[in-house]
Amino acid sequence: MAEGGGGARRRAPALLEAARARYESLHISDDVFGESGPDSGGNPFYSTSAASRSSSAASSDDEHERPGPPRAAGAPPPPYVPAAQEPEEDESGAGWSATLRDRPSPRFEDTGGPTRKMPPSASAMDFFQLFVPDNVLKNMVVQTNMYAKKFQERFGSDGAWAEVTLAEMKAFLGYMISTSISHCESVLSIWSGGFYSNRSLALVMSQTRFEKILKYFHVVAFRSSQATQGLYKVQPFLDSLQSGFDSAFRPSQTQVLHEPLIDEDPVFIATCTERELRKRKKRKFSLWVRQCSSTGFIIQIYVHLKEGGGPDGLDALKNKPQLHSAVARSLCRNAAGKNYIIFTGPSVTSLTLFEEFEKQGIYCCGLLSSRKSDCTGLPLSMLTNPATPPARGQHRIKMKGNMSLICWYNKGHFRFLTNAYSPVQQGVIIKRRSGEIPCPLAVEAFAAHLSYICRYDDKYSKYFISHKPNKTWQQVFWFAVSIAVNNAYILYKMSDAYHVKRYSRAQFGERLVRELLGLEDTPPTH
């Protein structure tokens, strides 16, 4: 026994080094925005601070755990006591077993990254126009002029209107994108002479001319006979944007399905009244993305419209698994047969969906919640908490085919469903304050990728266009443009152009604005 204990002590550093090597092998970018900032606090599902425990309640089934009896210093952790009277026979009949077998992770031989090599002299505009090229902007010019003509035929002539040009449309976009850099609530503040005014930008176009373009701006002026869905005014732009994403970038194997932080600018949240906040929270759509977890590049966008206040509306369905399963299927419709590993939150995770994806060559790793997830087909014993909480890091696993259901304890019970990682391979969560917490490899992988997306979202929300129109299609349009700018910066950081001029995300945005306005010879001031 003494020799066994000594061997375990000798193996511990090697295990820790192996865990760190696995973290390195995930190839997660340390700072996609080229800026330093505070840590986002780590993953919510395994945070150890008292403050973070409340935020993680939803992921750990919103339970209040009873603390176990104190242990003497140096005493071993108590054994994991399973729930009483587990229905083992019923679960074995359903295919679930506590007998585990090793299985390799899905092979991935593709090389992710940009599909084309941009020259070192490439500008911010060059990267942006990979997604929003001139032919798309020219179509906006045509549609805006068509709408202005039809509008005036119906409501009377507008003597101050002149047809918009391509240069003016670029400047119009530049003014809107500038609000993502200044975080200014109103784009008209550029001409105000106040704190957010910018004389060099204001001289390019008069405020009156900008407001006229804003009044008539359209991507699709009129509904066609085939258009039946509510996004017809912006759908061609979304399709073009998606085509640009697909042709410019190949994602890594690991990806995340989630809703990005698009609700509000943090500055607005801190200063607005409660009434304003309630009013602005009434968005009529939900925006979901499939995102490369190694680079932050958003691969695909899905917009779900609220169809009304009835039982089929978004508000009624937003916590129902059938809606989120439909969203996941739509986001992964082009991912079949590529052995991608998709990380999902509780609202998407379900046995039925994961088995369906596995048949298509898509593998998953998702966090489960008995309150938010579709738990159909899962063993009840794994969804029931024991009367006495186990020690941190202890876990139970049951397996059905290639699917593993993991119940892991870390100041709360956290459950994972995966067919992407072997249930017998061990990992470790490395926390600066708490040290190393043992866990299955699937938990370690989920932690690493979720932590990166959390850090990405912390900065991602800062660079959304602050202009908030009333019309739903315009809200979707400006959110999509914001995503295009962020993706353009990610490609810039992965190119040779970044090694020539190392722009931060704010500098890149400012540079893009100046190039859109024809002021490209002016260097960024940040």
# chains A, B, ... in the order shown; residues from 1 in each chain; ligands from 1

$ residues_around --residues "Phe416 in chain A" --least-positions-apart "2" --cutoff "9 Å" --atoms "only C-alpha atoms" --output "PyMOL selection string"
chain A and resi 349+365-369+404-408+414+418+442-443

$ write_last_selection --atoms "C-alpha atoms" --output "compact mmCIF listing (two decimals), in the first residue's frame"
# COMPACT_ATOMS: atom_id res chain seq x y z
CA THR A 349 -28.90 19.44 -24.72
CA CYS A 365 -21.00 17.75 -25.39
CA GLY A 366 -23.70 19.57 -23.46
CA LEU A 367 -24.59 20.76 -19.98
CA LEU A 368 -27.84 19.30 -18.63
CA SER A 369 -30.46 20.84 -16.36
CA SER A 404 -22.16 9.10 -21.64
CA LEU A 405 -24.19 10.79 -18.91
CA ILE A 406 -21.94 12.37 -16.30
CA CYS A 407 -22.95 13.67 -12.87
CA TRP A 408 -20.04 15.67 -11.42
CA PHE A 414 -23.52 19.36 -12.72
CA THR A 418 -21.65 13.66 -24.47
CA ALA A 442 -15.57 15.88 -21.14
CA VAL A 443 -16.01 18.28 -18.22

$ select_by_dssp --residues "range 368-505 of chain A" --states "alpha helix (DSSP H)" --output "PyMOL selection string"
chain A and resi 380-383+441-460+472-493+497-500+505

$ closest_atom_pairs --of "range 107-147 of chain A" --to "range 201-218 of chain A" --cutoff "9 Å" --atoms "only C-alpha atoms" --output "JSON lines"
{"residue": "A:Met140", "atom": "CA", "partner": "A:His218", "partner_atom": "CA", "distance": 6.4}
{"residue": "A:Val141", "atom": "CA", "partner": "A:His218", "partner_atom": "CA", "distance": 8.3}
{"residue": "A:Val142", "atom": "CA", "partner": "A:His218", "partner_atom": "CA", "distance": 8.9}
{"residue": "A:Gln143", "atom": "CA", "partner": "A:His218", "partner_atom": "CA", "distance": 5.8}
{"residue": "A:Thr144", "atom": "CA", "partner": "A:His218", "partner_atom": "CA", "distance": 4.8}
{"residue": "A:Asn145", "atom": "CA", "partner": "A:Tyr216", "partner_atom": "CA", "distance": 7.6}
{"residue": "A:Met146", "atom": "CA", "partner": "A:His218", "partner_atom": "CA", "distance": 8.9}
{"residue": "A:Tyr147", "atom": "CA", "partner": "A:Tyr216", "partner_atom": "CA", "distance": 6.4}

$ write_last_selection --atoms "N, CA and C atoms" --output "CSV table (one decimal), in the first residue's frame"
chain,number,residue,atom,x,y,z
A,140,MET,N,-27.9,47.8,-52.0
A,140,MET,CA,-28.5,48.7,-51.0
A,140,MET,C,-28.8,50.0,-51.6
A,141,VAL,N,-27.9,50.5,-52.5
A,141,VAL,CA,-28.1,51.8,-53.1
A,141,VAL,C,-29.4,51.7,-54.0
A,142,VAL,N,-29.5,50.7,-54.8
A,142,VAL,CA,-30.6,50.5,-55.7
A,142,VAL,C,-31.9,50.4,-55.0
A,143,GLN,N,-31.9,49.6,-53.9
A,143,GLN,CA,-33.2,49.4,-53.2
A,143,GLN,C,-33.6,50.6,-52.4
A,144,THR,N,-32.6,51.3,-51.8
A,144,THR,CA,-32.9,52.6,-51.1
A,144,THR,C,-33.5,53.6,-52.1
A,145,ASN,N,-33.0,53.8,-53.2
A,145,ASN,CA,-33.5,54.7,-54.2
A,145,ASN,C,-34.9,54.3,-54.7
A,146,MET,N,-35.1,53.0,-54.9
A,146,MET,CA,-36.4,52.5,-55.3
A,146,MET,C,-37.5,52.8,-54.2
A,147,TYR,N,-37.1,52.6,-53.0
A,147,TYR,CA,-38.0,52.8,-51.9
A,147,TYR,C,-38.3,54.3,-51.7

$ residues_around --residues "Val256 in chain A" --least-positions-apart "2" --cutoff "10 Å" --atoms "only C-alpha atoms" --output "VMD selection string"
chain A and resid 254 258 to 259 289 to 294 296 298 to 299 341 to 345 364 to 366 446 449 to 450 453

$ residues_around --residues "Ile362 in chain A" --least-positions-apart "3" --cutoff "10 Å" --atoms "only C-alpha atoms" --output "list in words"
Pro106, Cys332, Ala335, Ala336, Gly337, Lys338, Asn339, Tyr340, Ile341, Ile342, Phe354, Glu355, Glu356, Phe357, Glu358, Lys359, Asn419 and Ala420 of chain A

$ write_last_selection --atoms "all heavy atoms" --output "tab-separated table (two decimals), in the first residue's frame"
chain	number	residue	atom	x	y	z
A	106	PRO	N	-13.79	11.63	-31.95
A	106	PRO	CA	-13.92	11.64	-33.42
A	106	PRO	C	-12.71	12.29	-34.08
A	106	PRO	O	-12.21	13.32	-33.63
A	106	PRO	CB	-15.20	12.45	-33.65
A	106	PRO	CG	-15.43	13.20	-32.39
A	106	PRO	CD	-14.89	12.35	-31.30
A	332	CYS	N	-26.79	23.74	-37.55
A	332	CYS	CA	-25.86	22.66	-37.89
A	332	CYS	C	-26.20	22.00	-39.22
A	332	CYS	O	-25.70	20.91	-39.52
A	332	CYS	CB	-25.84	21.61	-36.78
A	332	CYS	SG	-25.18	22.21	-35.21
A	335	ALA	N	-23.14	21.20	-41.20
A	335	ALA	CA	-22.03	20.62	-40.44
A	335	ALA	C	-21.97	19.11	-40.53
A	335	ALA	O	-21.06	18.50	-39.96
A	335	ALA	CB	-22.15	21.04	-38.96
A	336	ALA	N	-22.89	18.49	-41.24
A	336	ALA	CA	-22.97	17.03	-41.26
A	336	ALA	C	-21.73	16.42	-41.92
A	336	ALA	O	-21.18	16.96	-42.89
A	336	ALA	CB	-24.23	16.58	-42.00
A	337	GLY	N	-21.30	15.27	-41.36
A	337	GLY	CA	-20.22	14.49	-41.95
A	337	GLY	C	-18.82	15.04	-41.75
A	337	GLY	O	-17.87	14.53	-42.37
A	338	LYS	N	-18.64	16.01	-40.88
A	338	LYS	CA	-17.33	16.63	-40.71
A	338	LYS	C	-16.70	16.33	-39.35
A	338	LYS	O	-15.64	16.86	-39.03
A	338	LYS	CB	-17.43	18.14	-40.92
A	338	LYS	CG	-17.94	18.51	-42.32
A	338	LYS	CD	-18.05	20.00	-42.51
A	338	LYS	CE	-18.56	20.35	-43.90
A	338	LYS	NZ	-18.73	21.81	-44.11
A	339	ASN	N	-17.39	15.53	-38.52
A	339	ASN	CA	-16.87	15.15	-37.19
A	339	ASN	C	-16.65	16.36	-36.29
A	339	ASN	O	-15.72	16.36	-35.46
A	339	ASN	CB	-15.58	14.33	-37.31
A	339	ASN	CG	-15.84	12.90	-37.72
A	339	ASN	OD1	-17.00	12.50	-37.90
A	339	ASN	ND2	-14.80	12.12	-37.88
A	340	TYR	N	-17.47	17.38	-36.43
A	340	TYR	CA	-17.40	18.52	-35.52
A	340	TYR	C	-17.85	18.09	-34.12
A	340	TYR	O	-18.67	17.19	-33.96
A	340	TYR	CB	-18.29	19.66	-36.00
A	340	TYR	CG	-17.80	20.38	-37.24
A	340	TYR	CD1	-18.71	20.94	-38.14
A	340	TYR	CD2	-16.44	20.55	-37.50
A	340	TYR	CE1	-18.29	21.62	-39.27
A	340	TYR	CE2	-16.01	21.22	-38.63
A	340	TYR	CZ	-16.93	21.75	-39.51
A	340	TYR	OH	-16.50	22.42	-40.63
A	341	ILE	N	-17.31	18.77	-33.12
A	341	ILE	CA	-17.77	18.60	-31.74
A	341	ILE	C	-18.47	19.90	-31.34
A	341	ILE	O	-17.86	20.97	-31.33
A	341	ILE	CB	-16.60	18.30	-30.78
A	341	ILE	CG1	-15.94	16.97	-31.16
A	341	ILE	CG2	-17.08	18.27	-29.34
A	341	ILE	CD1	-14.70	16.64	-30.33
A	342	ILE	N	-19.76	19.79	-31.03
A	342	ILE	CA	-20.58	20.96	-30.73
A	342	ILE	C	-20.86	21.00	-29.24
A	342	ILE	O	-21.40	20.04	-28.66
A	342	ILE	CB	-21.91	20.90	-31.51
A	342	ILE	CG1	-21.67	20.68	-33.01
A	342	ILE	CG2	-22.71	22.18	-31.27
A	342	ILE	CD1	-20.96	21.81	-33.70
A	354	PHE	N	-28.91	14.68	-29.70
A	354	PHE	CA	-27.53	14.20	-29.81
A	354	PHE	C	-27.46	12.91	-30.62
A	354	PHE	O	-26.52	12.72	-31.41
A	354	PHE	CB	-26.93	14.00	-28.42
A	354	PHE	CG	-26.52	15.29	-27.74
A	354	PHE	CD1	-26.96	16.51	-28.21
A	354	PHE	CD2	-25.70	15.27	-26.61
A	354	PHE	CE1	-26.60	17.70	-27.58
A	354	PHE	CE2	-25.32	16.46	-25.98
A	354	PHE	CZ	-25.79	17.67	-26.47
A	355	GLU	N	-28.42	12.01	-30.43
A	355	GLU	CA	-28.43	10.77	-31.22
A	355	GLU	C	-28.71	11.06	-32.69
A	355	GLU	O	-28.12	10.44	-33.58
A	355	GLU	CB	-29.48	9.81	-30.65
A	355	GLU	CG	-29.09	9.21	-29.32
A	355	GLU	CD	-30.15	8.29	-28.75
A	355	GLU	OE1	-31.34	8.45	-29.12
A	355	GLU	OE2	-29.81	7.40	-27.94
A	356	GLU	N	-29.57	12.03	-32.94
A	356	GLU	CA	-29.84	12.44	-34.33
A	356	GLU	C	-28.60	13.03	-34.97
A	356	GLU	O	-28.27	12.72	-36.13
A	356	GLU	CB	-30.99	13.46	-34.33
A	356	GLU	CG	-31.33	14.02	-35.69
A	356	GLU	CD	-32.39	15.11	-35.61
A	356	GLU	OE1	-33.26	15.04	-34.71
A	356	GLU	OE2	-32.35	16.05	-36.44
A	357	PHE	N	-27.89	13.88	-34.24
A	357	PHE	CA	-26.67	14.48	-34.77
A	357	PHE	C	-25.58	13.43	-35.00
A	357	PHE	O	-24.82	13.51	-35.97
A	357	PHE	CB	-26.16	15.56	-33.82
A	357	PHE	CG	-26.82	16.90	-34.00
A	357	PHE	CD1	-26.54	17.96	-33.14
A	357	PHE	CD2	-27.73	17.12	-35.02
A	357	PHE	CE1	-27.14	19.20	-33.31
A	357	PHE	CE2	-28.34	18.35	-35.19
A	357	PHE	CZ	-28.05	19.39	-34.34
A	358	GLU	N	-25.49	12.44	-34.11
A	358	GLU	CA	-24.44	11.43	-34.25
A	358	GLU	C	-24.60	10.66	-35.56
A	358	GLU	O	-23.61	10.30	-36.21
A	358	GLU	CB	-24.47	10.46	-33.07
A	358	GLU	CG	-23.33	9.46	-33.07
A	358	GLU	CD	-23.29	8.59	-31.83
A	358	GLU	OE1	-24.21	8.70	-31.00
A	358	GLU	OE2	-22.33	7.80	-31.69
A	359	LYS	N	-25.83	10.41	-35.97
A	359	LYS	CA	-26.08	9.73	-37.24
A	359	LYS	C	-25.60	10.57	-38.43
A	359	LYS	O	-25.35	10.04	-39.51
A	359	LYS	CB	-27.55	9.41	-37.39
A	359	LYS	CG	-28.07	8.40	-36.37
A	359	LYS	CD	-29.58	8.22	-36.50
A	359	LYS	CE	-30.10	7.25	-35.44
A	359	LYS	NZ	-31.58	7.11	-35.51
A	419	ASN	N	-21.19	12.42	-26.48
A	419	ASN	CA	-20.74	11.27	-27.26
A	419	ASN	C	-19.42	11.60	-27.96
A	419	ASN	O	-19.03	10.92	-28.90
A	419	ASN	CB	-21.79	10.85	-28.28
A	419	ASN	CG	-22.20	12.01	-29.19
A	419	ASN	OD1	-21.62	13.08	-29.15
A	419	ASN	ND2	-23.22	11.78	-30.00
A	420	ALA	N	-18.77	12.67	-27.49
A	420	ALA	CA	-17.53	13.14	-28.13
A	420	ALA	C	-16.28	12.76	-27.35
A	420	ALA	O	-15.18	12.81	-27.91
A	420	ALA	CB	-17.58	14.66	-28.31

$ closest_residue --among "A:Ala248, A:Leu519, A:Leu441, A:Ala506" --to "Gln129 in chain A" --atoms "only C-alpha atoms"
A:Ala248

$ closest_residue --among "A:Lys459, A:Arg502, A:Lys468, A:Lys170" --to "Asn135 in chain A" --atoms "only C-alpha atoms"
A:Lys170

$ atom_distance --atom1 "CA of Tyr452 in chain A" --atom2 "CA of Gly393 in chain A"
21.8 Å

$ closest_atom_pairs --of "range 378-487 of chain A" --to "range 181-185 of chain A" --cutoff "7 Å" --atoms "only C-alpha atoms" --output "Markdown table"
| residue | atom | partner | partner_atom | distance |
| --- | --- | --- | --- | --- |
| A:Tyr463 | CA | A:Ile181 | CA | 6.4 |
| A:Ser466 | CA | A:Glu185 | CA | 5.6 |
| A:His467 | CA | A:Glu185 | CA | 6.2 |

$ closest_residue --among "A:Leu257, A:Leu305, A:Ser252, A:Leu166" --to "Trp288 in chain A" --atoms "only C-alpha atoms"
A:Leu257

$ closest_residue --among "A:Ser461, A:Gln474, A:Thr179, A:Ser370" --to "Pro260 in chain A" --atoms "only C-alpha atoms"
A:Ser461

$ residues_around --residues "range 235-243 of chain A" --least-positions-apart "3" --cutoff "8 Å" --atoms "only C-alpha atoms" --output "VMD selection string"
chain A and resid 131 to 132 136 219 to 220 231 to 232 246 to 247 299 to 301 477 480 484

$ write_last_selection --atoms "C-alpha atoms" --output "mmCIF file, in the first residue's frame"
data_model
loop_
_atom_site.group_PDB
_atom_site.id
_atom_site.type_symbol
_atom_site.label_atom_id
_atom_site.label_comp_id
_atom_site.auth_asym_id
_atom_site.auth_seq_id
_atom_site.Cartn_x
_atom_site.Cartn_y
_atom_site.Cartn_z
ATOM 1 C CA PHE A 131 -18.386 39.667 -46.155
ATOM 2 C CA VAL A 132 -19.963 42.917 -47.402
ATOM 3 C CA VAL A 136 -24.037 44.052 -51.841
ATOM 4 C CA VAL A 219 -32.019 46.319 -48.254
ATOM 5 C CA VAL A 220 -35.174 45.010 -49.954
ATOM 6 C CA LEU A 231 -37.350 38.740 -42.462
ATOM 7 C CA TYR A 232 -37.805 39.258 -46.198
ATOM 8 C CA ASP A 246 -18.514 30.017 -45.451
ATOM 9 C CA SER A 247 -16.068 30.970 -48.211
ATOM 10 C CA ILE A 299 -19.686 30.558 -38.474
ATOM 11 C CA GLN A 300 -23.442 30.789 -38.795
ATOM 12 C CA ILE A 301 -26.293 33.054 -37.689
ATOM 13 C CA PHE A 477 -29.387 44.102 -40.014
ATOM 14 C CA ALA A 480 -25.431 41.213 -38.496
ATOM 15 C CA ALA A 484 -19.326 40.901 -39.811
#
